[in-house]
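What follows is entry.cif (mmCIF, C-alpha atoms (C1' of nucleotides)).
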```cif
data_input
loop_
_atom_site.group_PDB
_atom_site.id
_atom_site.type_symbol
_atom_site.label_atom_id
_atom_site.label_comp_id
_atom_site.auth_asym_id
_atom_site.auth_seq_id
_atom_site.Cartn_x
_atom_site.Cartn_y
_atom_site.Cartn_z
ATOM 1 C CA MET H 16 116.046 6.689 -29.461
ATOM 2 C CA SER H 17 114.495 10.015 -28.399
ATOM 3 C CA ASP H 18 115.786 13.278 -29.828
ATOM 4 C CA SER H 19 117.038 14.512 -26.484
ATOM 5 C CA VAL H 20 118.981 11.302 -25.899
ATOM 6 C CA LYS H 21 120.494 11.558 -29.390
ATOM 7 C CA GLU H 22 121.459 15.135 -28.664
ATOM 8 C CA LYS H 23 123.062 14.169 -25.391
ATOM 9 C CA LEU H 24 125.170 11.525 -27.128
ATOM 10 C CA GLU H 25 126.188 14.048 -29.760
ATOM 11 C CA HIS H 26 127.291 16.472 -27.062
ATOM 12 C CA GLU H 27 129.343 13.795 -25.347
ATOM 13 C CA GLU H 28 130.967 12.908 -28.646
ATOM 14 C CA ARG H 29 131.846 16.573 -29.167
ATOM 15 C CA MET H 30 133.267 16.865 -25.695
ATOM 16 C CA ARG H 31 135.472 13.864 -26.406
ATOM 17 C CA CYS H 32 136.611 15.505 -29.642
ATOM 18 C CA ALA H 33 137.241 18.816 -27.893
ATOM 19 C CA LEU H 34 139.236 17.284 -25.068
ATOM 20 C CA GLU H 35 141.211 14.880 -27.250
ATOM 21 C CA SER H 36 142.178 17.387 -29.932
ATOM 22 C CA MET H 37 143.146 20.088 -27.438
ATOM 23 C CA PRO H 38 146.810 21.044 -27.895
ATOM 24 C CA SER H 39 149.227 21.047 -24.961
ATOM 25 C CA GLU H 40 149.364 24.115 -22.745
ATOM 26 C CA ASP H 41 152.711 25.035 -24.283
ATOM 27 C CA ASP H 42 151.491 24.806 -27.868
ATOM 28 C CA LEU H 43 148.393 26.718 -26.917
ATOM 29 C CA ALA H 44 150.367 29.466 -25.233
ATOM 30 C CA GLU H 45 152.607 29.828 -28.257
ATOM 31 C CA LEU H 46 149.703 29.874 -30.671
ATOM 32 C CA ALA H 47 147.931 32.501 -28.588
ATOM 33 C CA ALA H 48 151.099 34.575 -28.381
ATOM 34 C CA ARG H 49 151.379 34.513 -32.171
ATOM 35 C CA PHE H 50 147.813 35.687 -32.577
ATOM 36 C CA LYS H 51 148.505 38.399 -30.029
ATOM 37 C CA ALA H 52 151.533 39.532 -32.006
ATOM 38 C CA ILE H 53 149.261 40.038 -34.999
ATOM 39 C CA SER H 54 146.473 41.643 -33.016
ATOM 40 C CA GLU H 55 147.798 45.147 -32.603
ATOM 41 C CA PRO H 56 146.830 47.813 -35.127
ATOM 42 C CA SER H 57 150.345 48.969 -36.041
ATOM 43 C CA ARG H 58 151.662 45.449 -36.307
ATOM 44 C CA LEU H 59 148.685 44.417 -38.397
ATOM 45 C CA LYS H 60 149.376 47.409 -40.612
ATOM 46 C CA ILE H 61 152.948 46.205 -41.022
ATOM 47 C CA LEU H 62 151.705 42.762 -42.041
ATOM 48 C CA LEU H 63 149.193 44.169 -44.500
ATOM 49 C CA ALA H 64 151.974 46.247 -46.029
ATOM 50 C CA LEU H 65 154.257 43.211 -46.209
ATOM 51 C CA SER H 66 151.546 41.213 -47.939
ATOM 52 C CA CYS H 67 152.445 43.311 -51.021
ATOM 53 C CA GLY H 68 156.055 42.092 -50.803
ATOM 54 C CA GLU H 69 159.213 42.683 -48.782
ATOM 55 C CA LEU H 70 159.991 46.185 -47.515
ATOM 56 C CA CYS H 71 162.798 47.871 -45.618
ATOM 57 C CA VAL H 72 162.308 49.514 -42.232
ATOM 58 C CA GLU H 73 162.198 53.035 -43.582
ATOM 59 C CA HIS H 74 159.434 52.183 -46.048
ATOM 60 C CA LEU H 75 157.527 50.265 -43.382
ATOM 61 C CA THR H 76 157.780 53.277 -41.130
ATOM 62 C CA GLN H 77 156.217 55.402 -43.879
ATOM 63 C CA ALA H 78 153.568 52.771 -44.576
ATOM 64 C CA VAL H 79 152.385 52.579 -40.978
ATOM 65 C CA GLY H 80 152.939 56.255 -40.323
ATOM 66 C CA GLY H 81 154.649 55.869 -36.963
ATOM 67 C CA ASN H 82 158.105 56.684 -35.682
ATOM 68 C CA GLN H 83 161.164 54.600 -36.358
ATOM 69 C CA SER H 84 161.688 53.335 -32.835
ATOM 70 C CA ALA H 85 158.123 52.166 -32.429
ATOM 71 C CA VAL H 86 158.196 50.361 -35.754
ATOM 72 C CA SER H 87 161.465 48.684 -34.871
ATOM 73 C CA HIS H 88 159.995 47.425 -31.590
ATOM 74 C CA GLN H 89 156.959 46.167 -33.440
ATOM 75 C CA LEU H 90 159.150 44.394 -35.990
ATOM 76 C CA LYS H 91 161.056 42.734 -33.190
ATOM 77 C CA THR H 92 157.849 41.428 -31.658
ATOM 78 C CA LEU H 93 156.713 40.025 -35.003
ATOM 79 C CA LYS H 94 160.117 38.508 -35.657
ATOM 80 C CA ASP H 95 160.355 36.955 -32.196
ATOM 81 C CA HIS H 96 157.119 35.137 -32.930
ATOM 82 C CA ARG H 97 158.307 34.124 -36.399
ATOM 83 C CA ILE H 98 155.512 36.032 -38.101
ATOM 84 C CA ILE H 99 158.059 37.843 -40.241
ATOM 85 C CA LYS H 100 161.653 37.258 -41.211
ATOM 86 C CA CYS H 101 164.394 39.578 -42.382
ATOM 87 C CA ARG H 102 167.581 39.813 -44.390
ATOM 88 C CA ARG H 103 170.180 42.499 -44.487
ATOM 89 C CA ALA H 104 170.996 44.400 -47.684
ATOM 90 C CA GLY H 105 173.793 46.815 -46.997
ATOM 91 C CA LYS H 106 172.693 49.415 -44.516
ATOM 92 C CA GLN H 107 169.106 48.318 -44.786
ATOM 93 C CA VAL H 108 167.226 45.424 -43.236
ATOM 94 C CA ILE H 109 164.454 44.063 -45.383
ATOM 95 C CA TYR H 110 161.455 42.358 -43.851
ATOM 96 C CA SER H 111 158.981 39.872 -45.271
ATOM 97 C CA ILE H 112 156.174 37.552 -44.154
ATOM 98 C CA ALA H 113 157.633 34.386 -42.648
ATOM 99 C CA ASP H 114 155.512 31.704 -44.282
ATOM 100 C CA GLY H 115 152.445 30.710 -46.209
ATOM 101 C CA HIS H 116 150.237 30.113 -43.197
ATOM 102 C CA ILE H 117 150.666 33.673 -42.021
ATOM 103 C CA LEU H 118 149.974 34.966 -45.506
ATOM 104 C CA THR H 119 146.790 32.881 -45.593
ATOM 105 C CA MET H 120 145.703 34.379 -42.271
ATOM 106 C CA ILE H 121 146.256 37.900 -43.518
ATOM 107 C CA SER H 122 144.410 37.135 -46.746
ATOM 108 C CA VAL H 123 141.455 35.615 -44.903
ATOM 109 C CA ALA H 124 141.407 38.666 -42.651
ATOM 110 C CA LYS H 125 141.384 41.002 -45.666
ATOM 111 C CA GLU H 126 138.563 39.016 -47.266
ATOM 112 C CA HIS H 127 136.647 39.255 -44.035
ATOM 113 C CA LEU H 128 136.820 43.041 -44.286
ATOM 114 C CA ASN H 129 135.681 43.169 -47.908
ATOM 115 C CA CYS H 130 132.879 40.755 -47.144
ATOM 116 C CA HIS H 131 130.095 42.806 -45.572
ATOM 117 C CA ASP H 132 130.470 43.345 -41.798
ATOM 118 C CA MET U 6 168.437 49.232 -66.601
ATOM 119 C CA SER U 7 170.762 48.343 -63.717
ATOM 120 C CA ASP U 8 169.696 45.865 -61.076
ATOM 121 C CA SER U 9 169.693 48.453 -58.312
ATOM 122 C CA VAL U 10 167.484 50.778 -60.345
ATOM 123 C CA LYS U 11 165.108 47.909 -61.089
ATOM 124 C CA GLU U 12 165.000 47.095 -57.398
ATOM 125 C CA LYS U 13 164.282 50.679 -56.506
ATOM 126 C CA LEU U 14 161.346 50.762 -58.923
ATOM 127 C CA GLU U 15 160.042 47.504 -57.476
ATOM 128 C CA HIS U 16 160.187 48.957 -53.987
ATOM 129 C CA GLU U 17 158.304 52.053 -55.077
ATOM 130 C CA GLU U 18 155.663 49.879 -56.731
ATOM 131 C CA ARG U 19 155.278 47.900 -53.481
ATOM 132 C CA MET U 20 154.994 51.062 -51.427
ATOM 133 C CA ARG U 21 152.214 52.232 -53.722
ATOM 134 C CA CYS U 22 150.482 48.850 -53.288
ATOM 135 C CA ALA U 23 150.942 48.955 -49.518
ATOM 136 C CA LEU U 24 149.614 52.493 -49.173
ATOM 137 C CA GLU U 25 146.719 52.045 -51.594
ATOM 138 C CA SER U 26 145.467 48.737 -50.227
ATOM 139 C CA MET U 27 145.687 49.853 -46.586
ATOM 140 C CA PRO U 28 142.254 49.659 -44.938
ATOM 141 C CA SER U 29 140.794 52.644 -43.115
ATOM 142 C CA GLU U 30 141.808 53.220 -39.508
ATOM 143 C CA ASP U 31 138.374 52.048 -38.379
ATOM 144 C CA ASP U 32 138.480 48.798 -40.325
ATOM 145 C CA LEU U 33 141.999 48.224 -39.144
ATOM 146 C CA ALA U 34 141.081 48.803 -35.515
ATOM 147 C CA GLU U 35 138.193 46.393 -35.756
ATOM 148 C CA LEU U 36 140.248 43.747 -37.487
ATOM 149 C CA ALA U 37 142.963 44.070 -34.852
ATOM 150 C CA ALA U 38 140.394 43.871 -32.078
ATOM 151 C CA ARG U 39 139.048 40.641 -33.534
ATOM 152 C CA PHE U 40 142.524 39.133 -33.671
ATOM 153 C CA LYS U 41 143.046 40.252 -30.098
ATOM 154 C CA ALA U 42 139.847 38.539 -29.044
ATOM 155 C CA ILE U 43 141.244 35.287 -30.419
ATOM 156 C CA SER U 44 144.711 35.825 -29.012
ATOM 157 C CA GLU U 45 144.204 34.825 -25.423
ATOM 158 C CA PRO U 46 144.910 31.235 -24.369
ATOM 159 C CA SER U 47 141.542 30.521 -22.723
ATOM 160 C CA ARG U 48 139.585 32.114 -25.523
ATOM 161 C CA LEU U 49 141.620 30.240 -28.101
ATOM 162 C CA LYS U 50 140.892 27.048 -26.173
ATOM 163 C CA ILE U 51 137.187 27.842 -26.364
ATOM 164 C CA LEU U 52 137.463 28.306 -30.123
ATOM 165 C CA LEU U 53 139.407 25.084 -30.581
ATOM 166 C CA ALA U 54 136.735 23.282 -28.589
ATOM 167 C CA LEU U 55 133.976 24.883 -30.656
ATOM 168 C CA SER U 56 135.702 23.820 -33.862
ATOM 169 C CA CYS U 57 134.374 20.327 -32.994
ATOM 170 C CA GLY U 58 130.802 21.666 -32.953
ATOM 171 C CA GLU U 59 128.497 23.723 -30.756
ATOM 172 C CA LEU U 60 128.745 23.365 -26.973
ATOM 173 C CA CYS U 61 126.938 24.747 -23.927
ATOM 174 C CA VAL U 62 128.660 26.864 -21.299
ATOM 175 C CA GLU U 63 129.044 24.055 -18.806
ATOM 176 C CA HIS U 64 130.792 21.820 -21.322
ATOM 177 C CA LEU U 65 132.966 24.691 -22.474
ATOM 178 C CA THR U 66 133.921 25.341 -18.872
ATOM 179 C CA GLN U 67 135.006 21.701 -18.565
ATOM 180 C CA ALA U 68 136.833 21.841 -21.893
ATOM 181 C CA VAL U 69 138.912 24.867 -20.982
ATOM 182 C CA GLY U 70 139.242 23.872 -17.336
ATOM 183 C CA GLY U 71 138.509 27.280 -15.853
ATOM 184 C CA ASN U 72 135.765 28.605 -13.657
ATOM 185 C CA GLN U 73 132.310 29.481 -14.852
ATOM 186 C CA SER U 74 132.547 33.229 -14.408
ATOM 187 C CA ALA U 75 135.819 33.519 -16.277
ATOM 188 C CA VAL U 76 134.485 31.449 -19.170
ATOM 189 C CA SER U 77 131.356 33.552 -19.333
ATOM 190 C CA HIS U 78 133.408 36.736 -19.538
ATOM 191 C CA GLN U 79 135.529 35.173 -22.251
ATOM 192 C CA LEU U 80 132.429 34.131 -24.181
ATOM 193 C CA LYS U 81 131.122 37.661 -23.987
ATOM 194 C CA THR U 82 134.341 39.042 -25.433
ATOM 195 C CA LEU U 83 134.207 36.554 -28.304
ATOM 196 C CA LYS U 84 130.536 37.256 -28.914
ATOM 197 C CA ASP U 85 131.002 41.036 -28.825
ATOM 198 C CA HIS U 86 133.506 40.667 -31.636
ATOM 199 C CA ARG U 87 131.238 38.297 -33.546
ATOM 200 C CA ILE U 88 133.750 35.460 -33.360
ATOM 201 C CA ILE U 89 131.080 33.200 -31.904
ATOM 202 C CA LYS U 90 127.300 33.234 -31.759
ATOM 203 C CA CYS U 91 124.829 31.625 -29.424
ATOM 204 C CA ARG U 92 121.307 30.300 -29.110
ATOM 205 C CA ARG U 93 119.309 29.453 -26.045
ATOM 206 C CA ALA U 94 117.984 25.939 -25.479
ATOM 207 C CA GLY U 95 115.978 25.914 -22.281
ATOM 208 C CA LYS U 96 118.188 26.706 -19.339
ATOM 209 C CA GLN U 97 121.277 26.350 -21.421
ATOM 210 C CA VAL U 98 122.975 28.691 -23.851
ATOM 211 C CA ILE U 99 124.742 26.963 -26.686
ATOM 212 C CA TYR U 100 127.691 28.571 -28.423
ATOM 213 C CA SER U 101 129.174 28.025 -31.861
ATOM 214 C CA ILE U 102 131.707 29.572 -34.230
ATOM 215 C CA ALA U 103 130.185 32.593 -35.991
ATOM 216 C CA ASP U 104 131.258 32.022 -39.588
ATOM 217 C CA GLY U 105 133.446 30.254 -42.089
ATOM 218 C CA HIS U 106 136.269 32.784 -42.036
ATOM 219 C CA ILE U 107 136.812 32.263 -38.332
ATOM 220 C CA LEU U 108 136.724 28.504 -38.783
ATOM 221 C CA THR U 109 139.334 28.817 -41.536
ATOM 222 C CA MET U 110 141.554 30.852 -39.224
ATOM 223 C CA ILE U 111 141.302 28.267 -36.484
ATOM 224 C CA SER U 112 142.003 25.465 -38.944
ATOM 225 C CA VAL U 113 145.039 27.238 -40.374
ATOM 226 C CA ALA U 114 146.259 27.826 -36.826
ATOM 227 C CA LYS U 115 145.857 24.135 -35.974
ATOM 228 C CA GLU U 116 147.718 23.135 -39.139
ATOM 229 C CA HIS U 117 150.470 25.523 -38.222
ATOM 230 C CA LEU U 118 150.911 23.640 -34.950
ATOM 231 C CA ASN U 119 151.005 20.208 -36.566
ATOM 232 C CA CYS U 120 153.442 21.460 -39.168
ATOM 233 C CA HIS U 121 156.855 21.433 -37.522
ATOM 234 C CA ASP U 122 157.654 24.628 -35.616
ATOM 235 C "C1'" DT T 26 189.131 55.870 -38.870
ATOM 236 C "C1'" DT T 27 185.716 59.056 -38.766
ATOM 237 C "C1'" DA T 28 181.274 60.735 -40.344
ATOM 238 C "C1'" DA T 29 176.772 59.689 -41.919
ATOM 239 C "C1'" DC T 30 173.066 56.703 -42.295
ATOM 240 C "C1'" DT T 31 169.901 52.920 -40.962
ATOM 241 C "C1'" DT T 32 168.182 50.021 -37.588
ATOM 242 C "C1'" DA T 33 167.923 48.150 -32.755
ATOM 243 C "C1'" DT T 34 167.589 48.245 -27.710
ATOM 244 C "C1'" DG T 35 166.843 49.473 -22.593
ATOM 245 C "C1'" DA T 36 164.348 51.657 -19.239
ATOM 246 C "C1'" DA T 37 160.452 54.248 -17.685
ATOM 247 C "C1'" DT T 38 155.902 55.676 -17.949
ATOM 248 C "C1'" DT T 39 151.318 55.038 -19.249
ATOM 249 C "C1'" DG T 40 147.547 52.592 -20.721
ATOM 250 C "C1'" DT T 41 144.977 47.999 -21.267
ATOM 251 C "C1'" DT T 42 143.272 43.606 -20.250
ATOM 252 C "C1'" DA T 43 142.391 39.365 -17.347
ATOM 253 C "C1'" DT T 44 140.707 37.250 -13.295
ATOM 254 C "C1'" DT T 45 138.203 36.956 -9.217
ATOM 255 C "C1'" DC T 46 134.382 37.372 -6.063
ATOM 256 C "C1'" DA T 47 129.881 38.451 -5.119
ATOM 257 C "C1'" DT T 48 125.630 38.803 -6.929
ATOM 258 C "C1'" DA T 49 122.040 39.324 -10.526
ATOM 259 C "C1'" DT T 50 119.189 37.480 -14.260
ATOM 260 C "C1'" DG T 51 116.674 34.096 -16.857
ATOM 261 C "C1'" DA T 52 114.484 29.513 -17.283
ATOM 262 C "C1'" DT T 53 112.212 25.446 -15.616
ATOM 263 C "C1'" DA T 54 109.861 22.339 -12.624
ATOM 264 C "C1'" DA T 55 107.712 21.342 -8.206
ATOM 265 C "C1'" DT J 9 105.460 31.363 -6.605
ATOM 266 C "C1'" DT J 10 109.382 29.615 -4.872
ATOM 267 C "C1'" DA J 11 113.407 26.657 -5.266
ATOM 268 C "C1'" DT J 12 116.888 25.283 -8.261
ATOM 269 C "C1'" DC J 13 119.843 25.230 -12.050
ATOM 270 C "C1'" DA J 14 122.498 27.637 -15.802
ATOM 271 C "C1'" DT J 15 124.524 31.701 -17.245
ATOM 272 C "C1'" DA J 16 125.806 36.694 -17.050
ATOM 273 C "C1'" DT J 17 127.557 40.969 -15.078
ATOM 274 C "C1'" DG J 18 129.933 44.766 -12.189
ATOM 275 C "C1'" DA J 19 133.609 46.289 -9.710
ATOM 276 C "C1'" DA J 20 138.230 45.750 -7.986
ATOM 277 C "C1'" DT J 21 142.666 44.174 -8.033
ATOM 278 C "C1'" DA J 22 146.512 42.332 -10.329
ATOM 279 C "C1'" DA J 23 149.154 41.253 -14.526
ATOM 280 C "C1'" DC J 24 150.710 42.760 -19.048
ATOM 281 C "C1'" DA J 25 151.758 45.394 -23.120
ATOM 282 C "C1'" DA J 26 152.610 49.808 -25.890
ATOM 283 C "C1'" DT J 27 155.003 54.039 -26.581
ATOM 284 C "C1'" DT J 28 158.514 57.215 -25.908
ATOM 285 C "C1'" DC J 29 163.105 58.999 -25.353
ATOM 286 C "C1'" DA J 30 167.806 58.512 -25.318
ATOM 287 C "C1'" DT J 31 171.342 56.045 -27.025
ATOM 288 C "C1'" DA J 32 173.807 52.026 -28.972
ATOM 289 C "C1'" DA J 33 175.252 49.110 -32.769
ATOM 290 C "C1'" DG J 34 176.122 47.727 -37.507
ATOM 291 C "C1'" DT J 35 177.258 49.271 -42.365
ATOM 292 C "C1'" DT J 36 179.224 52.056 -45.876
ATOM 293 C "C1'" DA J 37 181.783 55.739 -48.078
ATOM 294 C "C1'" DA J 38 184.961 59.540 -47.714
#
```

In structure tokens, how does this file's structure come out?
Amino acid sequence: MSDSVKEKLEHEERMRCALESMPSEDDLAELAARFKAISEPSRLKILLALSCGELCVEHLTQAVGGNQSAVSHQLKTLKDHRIIKCRRAGKQVIYSIADGHILTMISVAKEHLNCHD
Amino acid sequence: MSDSVKEKLEHEERMRCALESMPSEDDLAELAARFKAISEPSRLKILLALSCGELCVEHLTQAVGGNQSAVSHQLKTLKDHRIIKCRRAGKQVIYSIADGHILTMISVAKEHLNCHD
DNA sequence: TTAACTTATGAATTGTTATTCATATGATAA
DNA sequence: TTATCATATGAATAACAATTCATAAGTTAA
């Protein structure tokens, strides 16, 4: 079999893989929305801060250096997409990273920074 | 030491961690921009397709089911952020995932889908 | 139950990003 | 060198998201 024919077969095999393993439009939209929730500097800052452990809104506001209202909106966005979760402790609401997958993402992202580029 | 005092100290320790480990504004902006590049349904679709192996533009266009121009713009965005890379093979340009970190991200994302939520 | 504190929300403005269409560029083969 | 195929780009419109300000809602202590 010639190289170019082999290559063509390989490409077809990959296309099959790509088409078969493609998630549904709904799953895809949700996944994309979750990435988008992470992909905003202030919200990413919040997540990096939370990767050290749970924090209340006031502390998060200090950590990201914004104003309280903005941070609260950002927290809502992250919570709506189940990137973070929260619990109440008296007057305060304490936020934390929702699950291990998200933490892995944030860690990989951090690594990426410390890598070289 | 009372529990509430212990907790307060813990929070202060976390704040220190959060503030100290926070990347520079530039790094943060770049990281966020890279997440944003991933966080669009068509671009995510492209990346999921490429996680099966390299593909040319025409095949990618079929895989994401869009039009050629749109896909090309999306590829440019991904390439500009070094999420994907490309090589030319005759008339065709063949795209692939840029590095292992990105592939890990995509894999974690896929897992997340197959998990339960 | 009122005052003080912490967090959340709605609405408006402003800023960003995606998609489309038309066309340009780059590569090959006749 | 021209015709054809594959991909890229610019400019415009259309869709979306972020930030701010004002204010509301929950929680505690006096």

Could you give me chain H least-squares fitted onto chain U (all C-alpha atoms, paired in order), as an mmCIF file with C-alpha atoms, in the coordinates of the input?
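File part-v4.cif, as written:
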```
data_model
loop_
_atom_site.group_PDB
_atom_site.id
_atom_site.type_symbol
_atom_site.label_atom_id
_atom_site.label_comp_id
_atom_site.auth_asym_id
_atom_site.auth_seq_id
_atom_site.Cartn_x
_atom_site.Cartn_y
_atom_site.Cartn_z
ATOM 1 C CA MET H 16 168.352 49.330 -66.657
ATOM 2 C CA SER H 17 170.696 48.480 -63.763
ATOM 3 C CA ASP H 18 169.647 45.981 -61.115
ATOM 4 C CA SER H 19 169.621 48.566 -58.360
ATOM 5 C CA VAL H 20 167.390 50.872 -60.390
ATOM 6 C CA LYS H 21 165.027 47.971 -61.126
ATOM 7 C CA GLU H 22 164.946 47.157 -57.441
ATOM 8 C CA LYS H 23 164.183 50.737 -56.539
ATOM 9 C CA LEU H 24 161.243 50.787 -58.949
ATOM 10 C CA GLU H 25 159.985 47.523 -57.501
ATOM 11 C CA HIS H 26 160.126 48.978 -54.004
ATOM 12 C CA GLU H 27 158.202 52.051 -55.090
ATOM 13 C CA GLU H 28 155.588 49.855 -56.718
ATOM 14 C CA ARG H 29 155.254 47.895 -53.474
ATOM 15 C CA MET H 30 154.939 51.048 -51.444
ATOM 16 C CA ARG H 31 152.133 52.173 -53.733
ATOM 17 C CA CYS H 32 150.437 48.802 -53.262
ATOM 18 C CA ALA H 33 150.913 48.943 -49.497
ATOM 19 C CA LEU H 34 149.555 52.457 -49.158
ATOM 20 C CA GLU H 35 146.658 51.986 -51.571
ATOM 21 C CA SER H 36 145.431 48.677 -50.172
ATOM 22 C CA MET H 37 145.691 49.804 -46.551
ATOM 23 C CA PRO H 38 142.272 49.617 -44.870
ATOM 24 C CA SER H 39 140.815 52.606 -43.027
ATOM 25 C CA GLU H 40 141.845 53.178 -39.428
ATOM 26 C CA ASP H 41 138.416 52.007 -38.296
ATOM 27 C CA ASP H 42 138.521 48.762 -40.259
ATOM 28 C CA LEU H 43 142.046 48.182 -39.078
ATOM 29 C CA ALA H 44 141.137 48.758 -35.455
ATOM 30 C CA GLU H 45 138.237 46.345 -35.710
ATOM 31 C CA LEU H 46 140.308 43.703 -37.440
ATOM 32 C CA ALA H 47 143.025 44.022 -34.814
ATOM 33 C CA ALA H 48 140.456 43.822 -32.031
ATOM 34 C CA ARG H 49 139.117 40.587 -33.509
ATOM 35 C CA PHE H 50 142.574 39.072 -33.642
ATOM 36 C CA LYS H 51 143.111 40.194 -30.067
ATOM 37 C CA ALA H 52 139.896 38.486 -29.012
ATOM 38 C CA ILE H 53 141.289 35.241 -30.393
ATOM 39 C CA SER H 54 144.757 35.756 -28.984
ATOM 40 C CA GLU H 55 144.236 34.764 -25.386
ATOM 41 C CA PRO H 56 144.908 31.181 -24.327
ATOM 42 C CA SER H 57 141.536 30.477 -22.694
ATOM 43 C CA ARG H 58 139.603 32.070 -25.508
ATOM 44 C CA LEU H 59 141.645 30.186 -28.072
ATOM 45 C CA LYS H 60 140.894 27.018 -26.141
ATOM 46 C CA ILE H 61 137.198 27.833 -26.356
ATOM 47 C CA LEU H 62 137.482 28.282 -30.118
ATOM 48 C CA LEU H 63 139.409 25.054 -30.566
ATOM 49 C CA ALA H 64 136.719 23.266 -28.577
ATOM 50 C CA LEU H 65 133.982 24.885 -30.663
ATOM 51 C CA SER H 66 135.705 23.800 -33.855
ATOM 52 C CA CYS H 67 134.359 20.315 -32.991
ATOM 53 C CA GLY H 68 130.800 21.693 -32.959
ATOM 54 C CA GLU H 69 128.491 23.748 -30.757
ATOM 55 C CA LEU H 70 128.725 23.407 -26.975
ATOM 56 C CA CYS H 71 126.904 24.796 -23.962
ATOM 57 C CA VAL H 72 128.604 26.926 -21.321
ATOM 58 C CA GLU H 73 128.945 24.132 -18.808
ATOM 59 C CA HIS H 74 130.712 21.876 -21.305
ATOM 60 C CA LEU H 75 132.925 24.739 -22.459
ATOM 61 C CA THR H 76 133.845 25.388 -18.862
ATOM 62 C CA GLN H 77 134.920 21.748 -18.532
ATOM 63 C CA ALA H 78 136.764 21.863 -21.850
ATOM 64 C CA VAL H 79 138.857 24.887 -20.923
ATOM 65 C CA GLY H 80 139.161 23.893 -17.294
ATOM 66 C CA GLY H 81 138.423 27.306 -15.821
ATOM 67 C CA ASN H 82 135.664 28.665 -13.633
ATOM 68 C CA GLN H 83 132.223 29.556 -14.866
ATOM 69 C CA SER H 84 132.496 33.300 -14.429
ATOM 70 C CA ALA H 85 135.770 33.557 -16.288
ATOM 71 C CA VAL H 86 134.451 31.480 -19.164
ATOM 72 C CA SER H 87 131.321 33.587 -19.365
ATOM 73 C CA HIS H 88 133.409 36.766 -19.577
ATOM 74 C CA GLN H 89 135.534 35.184 -22.260
ATOM 75 C CA LEU H 90 132.441 34.143 -24.208
ATOM 76 C CA LYS H 91 131.138 37.678 -24.015
ATOM 77 C CA THR H 92 134.365 39.044 -25.448
ATOM 78 C CA LEU H 93 134.253 36.555 -28.319
ATOM 79 C CA LYS H 94 130.592 37.269 -28.951
ATOM 80 C CA ASP H 95 131.067 41.040 -28.870
ATOM 81 C CA HIS H 96 133.596 40.651 -31.657
ATOM 82 C CA ARG H 97 131.324 38.287 -33.585
ATOM 83 C CA ILE H 98 133.818 35.443 -33.374
ATOM 84 C CA ILE H 99 131.130 33.201 -31.926
ATOM 85 C CA LYS H 100 127.364 33.251 -31.815
ATOM 86 C CA CYS H 101 124.855 31.660 -29.483
ATOM 87 C CA ARG H 102 121.324 30.359 -29.181
ATOM 88 C CA ARG H 103 119.315 29.516 -26.143
ATOM 89 C CA ALA H 104 117.980 26.005 -25.520
ATOM 90 C CA GLY H 105 115.956 26.005 -22.353
ATOM 91 C CA LYS H 106 118.145 26.802 -19.404
ATOM 92 C CA GLN H 107 121.263 26.431 -21.475
ATOM 93 C CA VAL H 108 122.965 28.765 -23.918
ATOM 94 C CA ILE H 109 124.740 27.017 -26.735
ATOM 95 C CA TYR H 110 127.702 28.600 -28.458
ATOM 96 C CA SER H 111 129.203 28.048 -31.888
ATOM 97 C CA ILE H 112 131.760 29.581 -34.259
ATOM 98 C CA ALA H 113 130.252 32.587 -36.022
ATOM 99 C CA ASP H 114 131.325 32.000 -39.608
ATOM 100 C CA GLY H 115 133.505 30.225 -42.100
ATOM 101 C CA HIS H 116 136.329 32.740 -42.047
ATOM 102 C CA ILE H 117 136.878 32.231 -38.348
ATOM 103 C CA LEU H 118 136.779 28.478 -38.793
ATOM 104 C CA THR H 119 139.394 28.785 -41.542
ATOM 105 C CA MET H 120 141.615 30.819 -39.220
ATOM 106 C CA ILE H 121 141.359 28.233 -36.481
ATOM 107 C CA SER H 122 142.061 25.433 -38.946
ATOM 108 C CA VAL H 123 145.101 27.211 -40.372
ATOM 109 C CA ALA H 124 146.312 27.790 -36.825
ATOM 110 C CA LYS H 125 145.896 24.093 -35.984
ATOM 111 C CA GLU H 126 147.762 23.097 -39.145
ATOM 112 C CA HIS H 127 150.519 25.476 -38.192
ATOM 113 C CA LEU H 128 150.948 23.573 -34.933
ATOM 114 C CA ASN H 129 151.028 20.148 -36.576
ATOM 115 C CA CYS H 130 153.464 21.415 -39.168
ATOM 116 C CA HIS H 131 156.892 21.371 -37.532
ATOM 117 C CA ASP H 132 157.692 24.492 -35.459
#
```

Could you list, as number ranges by chain, every residue matched by the PyMOL selection byres ((chain H) within 10 of (chain T)) in this structure? H: 71-73, 83-84, 87-88, 91, 105-108

Among the residues H:Cys101, H:Ile121, H:Cys32, H:Leu24, the one that comes closest to chain U [using all atoms listed in the file]: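 Of the candidates, the smallest distance to chain U is held by H:Cys32.
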
Could the residues of chain U within 6 Å of chain H, counting all atoms listed in the file, be given as a PyMOL selection string, please? chain U and resi 19+23+34+37+40-41+44-46+54+57

Put those residues in a file: C-alpha atoms, as a PDB file, keeping the file's coordinate frame.
```pdb
ATOM      1  CA  ARG U  19     155.278  47.900 -53.481  1.00  0.00           C
ATOM      2  CA  ALA U  23     150.942  48.955 -49.518  1.00  0.00           C
ATOM      3  CA  ALA U  34     141.081  48.803 -35.515  1.00  0.00           C
ATOM      4  CA  ALA U  37     142.963  44.070 -34.852  1.00  0.00           C
ATOM      5  CA  PHE U  40     142.524  39.133 -33.671  1.00  0.00           C
ATOM      6  CA  LYS U  41     143.046  40.252 -30.098  1.00  0.00           C
ATOM      7  CA  SER U  44     144.711  35.825 -29.012  1.00  0.00           C
ATOM      8  CA  GLU U  45     144.204  34.825 -25.423  1.00  0.00           C
ATOM      9  CA  PRO U  46     144.910  31.235 -24.369  1.00  0.00           C
ATOM     10  CA  ALA U  54     136.735  23.282 -28.589  1.00  0.00           C
ATOM     11  CA  CYS U  57     134.374  20.327 -32.994  1.00  0.00           C
TER      12      CYS U  57
END
```
